[in-house]
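Pasting structure.txt here (compact mmCIF, C-alpha atoms):
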```
# COMPACT_ATOMS: atom_id res chain seq x y z
CA MET F 1 -61.80 40.96 40.16
CA LEU F 2 -62.21 40.60 43.94
CA ASN F 3 -62.92 37.19 45.48
CA GLY F 4 -64.41 36.02 42.15
CA GLU F 5 -67.56 38.06 42.81
CA THR F 6 -66.83 41.71 42.14
CA GLU F 7 -65.53 43.04 38.83
CA LEU F 8 -63.09 45.87 39.41
CA LEU F 9 -61.73 46.52 35.93
CA ALA F 10 -62.41 45.02 32.52
CA ASN F 11 -60.42 45.42 29.34
CA GLY F 12 -61.69 43.54 26.29
CA GLN F 13 -64.81 42.64 24.44
CA GLY F 14 -66.90 39.54 23.72
CA VAL F 15 -66.82 37.94 27.21
CA GLU F 16 -69.12 39.05 30.05
CA PHE F 17 -68.23 38.90 33.72
CA ALA F 18 -71.18 36.71 34.56
CA GLN F 19 -69.96 34.07 32.11
CA ILE F 20 -66.55 33.61 33.72
CA MET F 21 -67.49 34.26 37.37
CA PRO F 22 -68.42 30.58 38.12
CA PHE F 23 -64.89 29.55 37.08
CA VAL F 24 -63.08 32.30 38.96
CA LYS F 25 -65.13 32.00 42.13
CA GLN F 26 -63.71 28.58 42.88
CA TRP F 27 -60.06 29.85 42.78
CA LYS F 28 -59.99 31.58 46.18
CA LYS F 29 -56.41 30.81 46.89
CA GLU F 30 -53.05 32.07 45.74
CA GLY F 31 -51.62 30.70 42.52
CA VAL F 32 -51.98 30.57 38.79
CA PHE F 33 -54.88 28.63 37.33
CA GLN F 34 -55.79 27.74 33.74
CA GLU F 35 -58.90 26.19 32.22
CA HIS F 36 -60.25 25.48 28.75
CA VAL F 37 -63.68 27.07 28.26
CA LYS F 38 -66.07 27.49 25.36
CA LEU F 39 -68.27 30.55 25.11
CA HIS F 40 -70.58 31.44 22.22
CA GLY F 41 -69.01 28.64 20.20
CA ILE F 42 -65.49 30.05 20.64
CA GLU F 43 -62.83 28.15 22.56
CA TYR F 44 -60.78 30.14 25.04
CA MET F 45 -57.82 29.55 27.30
CA MET F 46 -58.66 31.24 30.58
CA THR F 47 -55.74 32.09 32.89
CA CYS F 48 -56.25 33.38 36.42
CA TYR F 49 -53.59 34.98 38.61
CA SER F 50 -54.84 34.93 42.23
CA PHE F 51 -53.01 36.48 45.20
CA LYS F 52 -53.99 37.49 48.69
CA LEU F 53 -54.36 41.16 49.72
CA GLY F 54 -52.14 41.73 52.76
CA GLU F 55 -53.44 40.21 56.02
CA SER F 56 -57.09 40.20 54.93
CA GLU F 57 -59.05 37.20 53.67
CA ASP F 58 -59.76 38.84 50.31
CA PHE F 59 -58.22 37.65 47.05
CA LEU F 60 -57.43 39.81 44.05
CA GLN F 61 -57.72 37.92 40.77
CA MET F 62 -56.49 38.88 37.32
CA VAL F 63 -58.19 36.91 34.56
CA SER F 64 -56.96 36.69 31.00
CA MET F 65 -59.07 35.26 28.18
CA MET F 66 -57.44 34.41 24.91
CA SER F 67 -59.10 32.48 22.11
CA TYR F 68 -57.26 29.55 20.60
CA LYS F 69 -57.53 31.29 17.26
CA ASP F 70 -55.54 34.26 18.59
CA ILE F 71 -53.07 31.90 20.25
CA LEU F 72 -52.48 30.08 16.98
CA GLN F 73 -52.14 33.37 15.12
CA GLN F 74 -49.56 34.59 17.64
CA ALA F 75 -47.73 31.28 17.46
CA SER F 76 -47.76 31.45 13.68
CA ARG F 77 -46.52 35.05 13.77
CA GLN F 78 -43.78 34.14 16.21
CA ASN F 79 -42.83 31.18 14.02
CA ARG F 80 -42.50 33.49 11.05
CA VAL F 81 -40.42 35.96 13.06
CA GLY F 82 -38.27 33.10 14.35
CA PHE F 83 -37.80 31.75 10.85
CA LEU F 84 -36.84 35.18 9.56
CA ILE F 85 -34.36 35.60 12.41
CA PHE F 86 -32.94 32.12 11.76
CA ALA F 87 -32.72 32.75 8.01
CA GLY F 88 -31.04 36.12 8.59
CA SER F 89 -28.60 34.60 11.06
CA ALA F 90 -27.81 31.78 8.65
CA LEU F 91 -27.27 34.20 5.75
CA LEU F 92 -25.11 36.42 7.96
CA SER F 93 -23.07 33.41 9.13
CA VAL F 94 -22.61 32.17 5.57
CA GLY F 95 -21.60 35.67 4.47
CA LEU F 96 -19.10 36.02 7.29
CA ILE F 97 -17.69 32.55 6.60
CA PHE F 98 -17.40 33.41 2.90
CA LEU F 99 -15.69 36.73 3.63
CA PHE F 100 -13.29 35.10 6.09
CA SER F 101 -12.53 32.27 3.67
CA TRP F 102 -11.99 34.71 0.81
CA SER F 103 -9.74 36.95 2.93
CA PHE F 104 -7.82 33.98 4.32
CA GLY F 105 -7.44 32.41 0.90
CA ALA F 106 -6.31 35.70 -0.66
CA ARG F 107 -3.67 36.23 2.05
CA VAL F 108 -2.47 32.63 1.74
CA GLU F 109 -2.18 33.13 -2.03
CA ARG F 110 -0.16 36.33 -1.50
CA PHE F 111 1.98 34.46 0.99
CA ARG F 112 2.58 31.72 -1.59
CA GLU F 113 3.48 34.30 -4.26
CA GLN F 114 5.97 36.01 -1.93
CA MET F 115 7.57 32.67 -1.05
CA GLN F 116 7.79 31.81 -4.74
CA LYS F 117 9.55 35.15 -5.38
CA ALA F 118 11.99 34.45 -2.56
CA ALA F 119 12.63 30.92 -3.87
CA SER F 120 13.47 32.36 -7.29
CA GLY F 121 16.00 34.76 -5.74
CA ASN F 122 13.87 37.92 -5.69
CA PHE F 123 14.01 39.17 -2.09
CA ASP F 124 12.11 42.41 -2.76
CA LEU F 125 9.01 41.36 -0.82
CA GLU F 126 6.01 43.27 0.47
CA THR F 127 6.44 44.83 3.86
CA SER F 128 3.39 43.18 5.44
CA LEU F 129 0.38 41.04 4.58
CA GLY F 130 -1.79 42.81 7.13
CA GLY F 131 -3.67 41.25 10.01
CA THR F 132 -2.54 39.92 13.35
CA ASP F 133 -3.08 36.17 12.96
CA GLU F 134 -0.70 33.24 12.42
CA ILE F 135 -0.33 34.02 8.70
CA SER F 136 1.06 37.46 9.58
CA ASP F 137 3.44 35.89 12.11
CA LEU F 138 4.66 33.37 9.53
CA TYR F 139 5.19 36.15 6.98
CA GLU F 140 7.16 38.14 9.54
CA TYR F 141 9.34 35.08 10.21
CA LEU F 142 9.82 34.75 6.44
CA GLY F 143 11.06 38.34 6.32
CA ILE F 144 13.50 37.66 9.16
CA MET F 145 14.76 34.53 7.40
CA ILE F 146 15.22 36.40 4.13
CA GLY F 147 17.15 39.13 5.97
CA ASP F 148 19.47 36.48 7.40
CA ILE F 149 19.91 34.94 3.95
CA GLN F 150 20.77 38.33 2.47
CA ARG F 151 23.36 38.93 5.19
CA LEU F 152 24.87 35.50 4.59
CA LEU F 153 24.98 36.13 0.84
CA ALA F 154 26.70 39.47 1.45
CA GLU F 155 29.26 37.78 3.69
CA ILE F 156 29.85 35.05 1.12
CA TYR F 157 30.28 37.70 -1.57
CA GLN F 158 32.79 39.57 0.58
CA GLU F 159 34.68 36.35 1.29
CA ARG F 160 34.81 35.50 -2.39
CA LEU F 161 35.90 39.02 -3.22
CA HIS F 162 38.63 38.80 -0.60
CA ALA F 163 39.71 35.40 -1.93
CA GLU F 164 39.97 36.87 -5.43
CA GLN F 165 41.99 39.78 -4.07
CA LEU F 166 44.33 37.35 -2.33
CA LYS F 167 44.72 35.37 -5.55
CA THR F 168 45.47 38.57 -7.44
CA GLN F 169 47.96 39.61 -4.79
CA GLN F 170 49.56 36.18 -4.87
CA ARG F 171 49.83 36.27 -8.67
CA GLU F 172 51.41 39.72 -8.52
CA ALA F 173 53.87 38.52 -5.89
CA GLU F 174 54.72 35.46 -7.98
CA PHE F 175 55.21 37.65 -11.03
CA LYS F 176 57.49 40.00 -9.13
CA ALA F 177 59.40 37.04 -7.72
CA LEU F 178 59.86 35.60 -11.20
CA ALA F 179 60.83 38.98 -12.61
CA SER F 180 63.54 39.48 -10.00
CA GLN F 181 64.57 35.86 -9.61
CA MET F 182 68.29 35.17 -9.39
CA ASN F 183 70.21 31.98 -9.02
CA PRO F 184 70.64 31.56 -5.23
CA HIS F 185 73.89 29.68 -5.64
CA PHE F 186 75.33 32.50 -7.73
CA LEU F 187 74.21 35.04 -5.10
CA TYR F 188 75.67 33.02 -2.20
CA ASN F 189 78.90 32.42 -4.08
CA THR F 190 79.21 36.13 -4.85
CA LEU F 191 78.63 37.09 -1.23
CA GLU F 192 81.11 34.44 -0.08
CA THR F 193 83.67 35.86 -2.52
CA ILE F 194 83.14 39.37 -1.13
CA ARG F 195 83.46 38.01 2.40
CA MET F 196 86.75 36.26 1.60
CA LYS F 197 88.10 39.40 -0.08
CA ALA F 198 87.22 41.37 3.05
CA ARG F 199 89.03 38.83 5.21
CA VAL F 200 92.11 38.94 2.98
CA ASN F 201 92.08 42.72 3.12
CA HIS F 202 91.59 42.65 6.89
CA GLU F 203 88.13 44.22 6.80
CA PRO F 204 86.33 42.38 9.64
CA GLU F 205 83.29 44.67 9.61
CA ILE F 206 82.66 44.13 5.92
CA GLU F 207 83.19 40.42 6.40
CA GLU F 208 80.65 40.36 9.23
CA LEU F 209 78.09 42.41 7.27
CA VAL F 210 78.33 40.13 4.24
CA LYS F 211 77.99 37.07 6.48
CA LEU F 212 74.89 38.47 8.15
CA LEU F 213 73.36 39.50 4.82
CA ALA F 214 73.95 36.04 3.37
CA LYS F 215 72.29 34.49 6.42
CA ILE F 216 69.21 36.72 6.05
CA LEU F 217 68.91 36.05 2.33
CA ARG F 218 69.29 32.30 2.80
CA LYS F 219 66.58 32.13 5.45
CA SER F 220 64.27 34.45 3.48
CA ILE F 221 64.58 32.35 0.32
CA GLN F 222 64.22 29.06 2.18
CA ALA F 223 61.14 30.27 4.08
CA GLY F 224 57.94 28.89 2.60
CA GLY F 225 54.55 28.09 4.05
CA SER F 226 55.96 25.70 6.64
CA GLU F 227 56.43 26.82 10.21
CA VAL F 228 59.83 27.51 11.81
CA THR F 229 61.00 27.50 15.40
CA VAL F 230 61.00 30.63 17.53
CA LYS F 231 64.76 30.26 17.89
CA ALA F 232 65.29 30.31 14.11
CA GLU F 233 63.06 33.37 13.73
CA THR F 234 64.90 35.27 16.47
CA GLU F 235 68.26 34.41 14.89
CA LEU F 236 67.05 35.99 11.67
CA VAL F 237 65.90 39.09 13.57
CA GLU F 238 69.16 39.33 15.44
CA ALA F 239 71.14 39.18 12.16
CA TYR F 240 68.94 42.00 10.82
CA LEU F 241 69.48 44.08 13.97
CA LYS F 242 73.23 43.61 13.83
CA ILE F 243 73.26 44.98 10.28
CA GLN F 244 71.24 47.98 11.49
CA ARG F 245 73.74 48.49 14.30
CA TYR F 246 76.47 48.85 11.69
CA ARG F 247 74.30 51.40 9.92
CA PHE F 248 73.27 53.50 12.94
CA ASP F 249 76.24 52.70 15.20
CA GLU F 250 75.36 53.39 18.83
CA ARG F 251 72.07 55.13 18.03
CA ILE F 252 70.21 51.82 18.13
CA GLN F 253 70.27 49.35 21.01
CA TYR F 254 68.32 46.11 21.16
CA ARG F 255 67.52 43.32 23.58
CA ILE F 256 65.84 39.94 22.98
CA GLN F 257 64.20 38.25 25.96
CA MET F 258 63.11 34.65 25.52
CA ASN F 259 62.72 31.70 27.85
CA GLN F 260 64.31 28.44 26.85
CA GLU F 261 60.89 26.72 27.01
CA VAL F 262 59.61 28.63 23.97
CA GLU F 263 62.65 28.21 21.70
CA ASP F 264 61.20 25.12 20.03
CA CYS F 265 57.71 26.56 19.57
CA ARG F 266 56.78 26.60 15.90
CA ILE F 267 55.44 29.75 14.29
CA LEU F 268 54.96 31.21 10.81
CA PRO F 269 58.22 32.38 9.21
CA LEU F 270 59.06 36.04 8.64
CA ILE F 271 56.46 37.48 11.02
CA LEU F 272 58.92 39.07 13.48
CA GLN F 273 61.42 40.78 11.18
CA PRO F 274 58.82 43.06 9.50
CA LEU F 275 57.76 44.35 12.93
CA VAL F 276 61.36 45.08 13.97
CA GLU F 277 61.98 46.77 10.62
CA ASN F 278 58.81 48.84 11.10
CA SER F 279 60.08 49.98 14.53
CA ILE F 280 63.38 51.18 13.02
CA ILE F 281 61.92 52.89 9.96
CA HIS F 282 58.90 54.57 11.57
CA GLY F 283 60.03 54.84 15.17
CA LEU F 284 63.77 55.26 15.50
CA GLU F 285 65.18 56.70 12.26
CA THR F 286 63.91 60.21 13.00
CA LYS F 287 64.40 59.99 16.77
CA GLU F 288 67.08 62.14 18.35
CA GLY F 289 69.37 60.27 20.69
CA THR F 290 69.56 56.56 21.36
CA GLY F 291 66.70 54.30 20.33
CA CYS F 292 65.99 50.98 22.00
CA ILE F 293 64.13 47.95 20.69
CA LEU F 294 62.92 45.22 23.04
CA VAL F 295 61.80 41.87 21.68
CA ARG F 296 60.09 39.73 24.34
CA ILE F 297 58.75 36.21 23.72
CA GLU F 298 56.73 34.49 26.44
CA GLU F 299 54.00 31.94 26.98
CA ARG F 300 50.98 33.00 29.04
CA GLN F 301 47.80 31.06 29.71
CA GLU F 302 48.89 28.37 27.25
CA GLN F 303 49.26 30.91 24.44
CA LEU F 304 52.29 32.55 22.86
CA PHE F 305 52.85 36.32 22.94
CA ILE F 306 55.64 38.13 21.06
CA THR F 307 56.13 41.78 21.94
CA VAL F 308 58.16 44.29 19.89
CA GLU F 309 58.52 47.60 21.74
CA ASP F 310 60.54 50.72 20.90
CA ASN F 311 61.02 54.13 22.48
CA GLY F 312 60.71 55.96 19.17
CA VAL F 313 58.60 58.88 18.02
CA GLY F 314 55.32 56.96 18.44
CA MET F 315 51.96 57.87 16.93
CA ASP F 316 49.15 60.20 17.86
CA GLU F 317 45.57 58.99 18.26
CA GLU F 318 44.66 59.75 14.65
CA GLN F 319 47.64 57.84 13.23
CA LEU F 320 47.04 54.92 15.58
CA GLY F 321 43.36 54.81 14.69
CA GLN F 322 44.17 54.81 10.98
CA LEU F 323 46.63 51.93 11.43
CA GLN F 324 44.12 49.92 13.48
CA LYS F 325 41.49 50.55 10.82
CA GLU F 326 43.85 49.21 8.16
CA LEU F 327 44.41 46.08 10.26
CA GLY F 328 40.67 45.39 10.27
CA ARG F 329 40.19 46.13 6.55
CA ARG F 330 40.98 43.56 3.91
CA SER F 331 42.41 45.61 1.09
CA LEU F 332 45.37 45.65 -1.22
CA ASN F 333 45.76 49.43 -0.94
CA ARG F 334 47.36 49.84 2.47
CA SER F 335 50.23 52.01 3.62
CA HIS F 336 51.52 49.70 6.40
CA VAL F 337 51.92 46.67 4.17
CA GLY F 338 54.37 44.73 6.37
CA VAL F 339 52.40 45.01 9.61
CA CYS F 340 49.05 44.35 7.90
CA ASN F 341 50.39 41.34 6.00
CA VAL F 342 51.75 39.80 9.22
CA HIS F 343 48.37 40.34 10.91
CA GLU F 344 46.46 38.83 8.00
CA ARG F 345 48.80 35.84 7.64
CA ILE F 346 48.33 35.00 11.32
CA ARG F 347 44.54 35.24 11.11
CA LEU F 348 44.39 33.13 7.96
CA LYS F 349 46.63 30.49 9.51
CA TYR F 350 45.39 30.32 13.10
CA GLY F 351 41.94 31.96 13.09
CA GLU F 352 40.23 35.31 13.60
CA GLU F 353 40.90 35.37 17.36
CA PHE F 354 44.67 35.67 16.79
CA GLY F 355 46.73 38.45 15.23
CA LEU F 356 48.47 41.57 16.45
CA SER F 357 47.50 44.58 18.56
CA ILE F 358 49.20 47.97 18.66
CA GLN F 359 49.58 50.61 21.37
CA SER F 360 51.46 53.88 20.96
CA ILE F 361 52.08 57.19 22.72
CA LYS F 362 53.22 60.16 20.66
CA GLY F 363 56.87 60.97 21.36
CA LYS F 364 57.34 58.07 23.80
CA MET F 365 56.79 54.53 22.57
CA THR F 366 55.13 52.03 20.27
CA GLN F 367 54.29 48.46 21.28
CA VAL F 368 53.19 45.67 18.93
CA VAL F 369 52.02 42.37 20.44
CA LEU F 370 51.64 39.20 18.38
CA HIS F 371 49.04 36.82 19.80
CA LEU F 372 49.60 33.23 18.68
CA PRO F 373 48.31 29.78 19.67
CA ALA F 374 50.09 27.71 22.27
CA CYS F 375 53.46 26.12 21.50
CA ARG F 376 53.29 23.14 19.17
```
Entire entry expressed as structure tokens:
Amino acid sequence: MLNGETELLANGQGVEFAQIMPFVKQWKKEGVFQEHVKLHGIEYMMTCYSFKLGESEDFLQMVSMMSYKDILQQASRQNRVGFLIFAGSALLSVGLIFLFSWSFGARVERFREQMQKAASGNFDLETSLGGTDEISDLYEYLGIMIGDIQRLLAEIYQERLHAEQLKTQQREAEFKALASQMNPHFLYNTLETIRMKARVNHEPEIEELVKLLAKILRKSIQAGGSEVTVKAETELVEAYLKIQRYRFDERIQYRIQMNQEVEDCRILPLILQPLVENSIIHGLETKEGTGCILVRIEERQEQLFITVEDNGVGMDEEQLGQLQKELGRRSLNRSHVGVCNVHERIRLKYGEEFGLSIQSIKGKMTQVVLHLPACR
């Protein structure tokens, strides 16, 4: 419609242009206008969109006529659609909430069942509960905790097994000691008799050997679990080396280096003699020429180190590796019993950070170092 006077285009039925022209003619300005009209007994809502055409004075008007009956029908239809959408959304929400609650509850129940199995000692749990939420994280933490518990149980089992092996070993040692037990006084008296006979017969070497042997036996029998001084332990070793000198003559030389400050340090008894004996048996017996043993005792960084070194036949890498493996393995079936027992006694007494270490070069040398706590 142009200027409320000329009809340009009409779309609809029941309303004539002449009937609405008086209303539209008065709206010759830009804007949106509405008015309630009644035509042929039917109430309408008339809406007019009026806007100016460019720079001219003419106005183009678009008029819409909609009966209240149609408006109410549309409103009712939209209400029904809105209700259906609301009802569908509500049903969908309830369904999703139900599914989530069911899934969450089922996973919590599975979690509870797995925890109950673990509490009863059955650690054969499911790999995963599925999902990526907090329940899955908690179940993963449960698996980590169970893994730690299993490792601790394995360690406890190994410790108990080792304790039983030690008890068995101790019982065997006690049985052997009882089986071979002799009256010490009778043994000392017999050795003293032999020594006196050697003196009477002017056999100074035999007299000296018997004296040294009696000294070793006395200290070995008297040695218990209590600690002894470094000086007492080196005296025992020196008596043993003197006996070996009589056996090998000039083929074996030895030297003991020890500062006066460490003489009164207290250590476990009978931990030095097995190492010296091991050097002679495995290092020097089969060596051609003169063999030398060096025993060095020193305190470094407030800790005690005892070194036993020989220039014997030594060990190759395979033999050395096997010996080091035996040191780290707790077993009764070991070939180097003396060395391994010394190592284990030190660790049991002072802790895992102490013990002995071994270095060797085939055909040149073997060095054993005892690492002990500071002087006490």
**Q.** Nearest to Glu263 of chain F by atom-to-atom distance, counting only C-alpha atoms, from F:Ile361, F:Cys292, F:Ile297, F:Ile243
**A.** F:Ile297
(Q) I'd like to know which of F:Ala87, F:Lys52, F:Ile20, F:Leu320 is closest to Val37 of chain F, using all atoms listed in the file. (A)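 The answer is F:Ile20, which sits nearest to Val37 of chain F.
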Q | From F:Gly283, F:Gly82, F:Gly54, F:Gly147, residue lying nearest Lys362 of chain F [all atoms listed in the file] | A | F:Gly283
Q. Could you state the separation of atom CA of Ile256 of chain F and atom CA of Val295 of chain F in Å, given to one decimal place?
A.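 Pair atom CA of Ile256 of chain F / atom CA of Val295 of chain F returns 4.7 Å.
For the residues F:Arg245, F:Lys325, F:His282, F:Lys231, ranking by smallest atom-to-atom distance to Gln260 of chain F using only C-alpha atoms places F:Lys231 first.
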Q: Tell me, in Å to one decimal, how far atom CA of Thr366 of chain F is from atom CA of Cys265 of chain F.
A: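 Going from atom CA of Thr366 of chain F over to atom CA of Cys265 of chain F covers 25.6 Å.
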Segment 31-46 of chain F: axis-aligned bounding box, 3 Å on each side, centre and edge lengths in Å, one decimal, as AutoDock Vina command-line options:
```
--center_x -61.1 --center_y 28.5 --center_z 31.4 --size_x 25.0 --size_y 12.0 --size_z 28.3
```
Q) Which value, in Å to one decimal, gives the distance between atom CA of Gly338 of chain F and atom CA of Asn278 of chain F? A) 7.7 Å
Q | Exercise: Lys29 of chain F partners within 8 Å, all atoms listed in the file, chain neighbours under 2 positions left out, as JSON, numbers by chain | A | {"F": [27, 31, 50, 51, 52, 59]}
Q.
Residues near segment 266-276 of chain F, anyone? I mean within 8 Å using only C-alpha atoms, not counting same-chain ones fewer than 3 positions away, as a VMD selection string.
A. chain F and resid 220 223 to 230 233 to 234 236 to 237 240 279 to 280 293 308 338 to 339 342 346 368 375 to 376
Those same residues - C-alpha atoms - I'd like them written as a PDB file, in the frame of the given file.
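What ended up in result.pdb:
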```pdb
ATOM      1  CA  SER F 220      64.270  34.450   3.480  1.00  0.00           C
ATOM      2  CA  ALA F 223      61.140  30.270   4.080  1.00  0.00           C
ATOM      3  CA  GLY F 224      57.940  28.890   2.600  1.00  0.00           C
ATOM      4  CA  GLY F 225      54.550  28.090   4.050  1.00  0.00           C
ATOM      5  CA  SER F 226      55.960  25.700   6.640  1.00  0.00           C
ATOM      6  CA  GLU F 227      56.430  26.820  10.210  1.00  0.00           C
ATOM      7  CA  VAL F 228      59.830  27.510  11.810  1.00  0.00           C
ATOM      8  CA  THR F 229      61.000  27.500  15.400  1.00  0.00           C
ATOM      9  CA  VAL F 230      61.000  30.630  17.530  1.00  0.00           C
ATOM     10  CA  GLU F 233      63.060  33.370  13.730  1.00  0.00           C
ATOM     11  CA  THR F 234      64.900  35.270  16.470  1.00  0.00           C
ATOM     12  CA  LEU F 236      67.050  35.990  11.670  1.00  0.00           C
ATOM     13  CA  VAL F 237      65.900  39.090  13.570  1.00  0.00           C
ATOM     14  CA  TYR F 240      68.940  42.000  10.820  1.00  0.00           C
ATOM     15  CA  SER F 279      60.080  49.980  14.530  1.00  0.00           C
ATOM     16  CA  ILE F 280      63.380  51.180  13.020  1.00  0.00           C
ATOM     17  CA  ILE F 293      64.130  47.950  20.690  1.00  0.00           C
ATOM     18  CA  VAL F 308      58.160  44.290  19.890  1.00  0.00           C
ATOM     19  CA  GLY F 338      54.370  44.730   6.370  1.00  0.00           C
ATOM     20  CA  VAL F 339      52.400  45.010   9.610  1.00  0.00           C
ATOM     21  CA  VAL F 342      51.750  39.800   9.220  1.00  0.00           C
ATOM     22  CA  ILE F 346      48.330  35.000  11.320  1.00  0.00           C
ATOM     23  CA  VAL F 368      53.190  45.670  18.930  1.00  0.00           C
ATOM     24  CA  CYS F 375      53.460  26.120  21.500  1.00  0.00           C
ATOM     25  CA  ARG F 376      53.290  23.140  19.170  1.00  0.00           C
TER      26      ARG F 376
END
```
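Distances from F:Gln253, F:Asn311, F:Asn341, F:Gln324 to Lys364 of chain F were compared using all atoms listed in the file, and the smallest one belongs to F:Asn311.
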**Q.** Exercise: Tyr139 of chain F partners within 9 Å, only C-alpha atoms, chain neighbours under 3 positions left out, as a list in words
**A.**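 Neighbouring residues, sequence-local ones excluded: Phe111, Gln114, Ser128, Leu129, Glu134, Ile135, Ser136, Leu142, Gly143 and Ile144 of chain F.
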Write out, as a PDB file, keeping the file's coordinate frame, the residues just selected, with C-alpha atoms.
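File produced: selection_23.pdb:
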```pdb
ATOM      1  CA  PHE F 111       1.980  34.460   0.990  1.00  0.00           C
ATOM      2  CA  GLN F 114       5.970  36.010  -1.930  1.00  0.00           C
ATOM      3  CA  SER F 128       3.390  43.180   5.440  1.00  0.00           C
ATOM      4  CA  LEU F 129       0.380  41.040   4.580  1.00  0.00           C
ATOM      5  CA  GLU F 134      -0.700  33.240  12.420  1.00  0.00           C
ATOM      6  CA  ILE F 135      -0.330  34.020   8.700  1.00  0.00           C
ATOM      7  CA  SER F 136       1.060  37.460   9.580  1.00  0.00           C
ATOM      8  CA  LEU F 142       9.820  34.750   6.440  1.00  0.00           C
ATOM      9  CA  GLY F 143      11.060  38.340   6.320  1.00  0.00           C
ATOM     10  CA  ILE F 144      13.500  37.660   9.160  1.00  0.00           C
TER      11      ILE F 144
END
```
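Using all atoms listed in the file, the nearest neighbour of Glu113 of chain F within the list F:Thr307, F:Glu126, F:Glu288, F:Leu161 is F:Glu126.
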Q.
Give me the residues near Ile216 of chain F as a list in words, where near means some atom within 10 Å (using only C-alpha atoms) and where sequence neighbours in that chain fewer than 2 positions away do not count.
A. Val210, Lys211, Leu212, Leu213, Ala214, Arg218, Lys219, Ser220, Ile221, Gln222, Glu235, Leu236, Val237, Glu238, Ala239 and Tyr240 of chain F
Q: Quick one: everything within 9 Å of Leu304 of chain F, counting only C-alpha atoms, minus sequence neighbours fewer than 6 positions away in the same chain. Send it as a PyMOL selection string.
A: chain F and resi 262+265+297-298+370-375
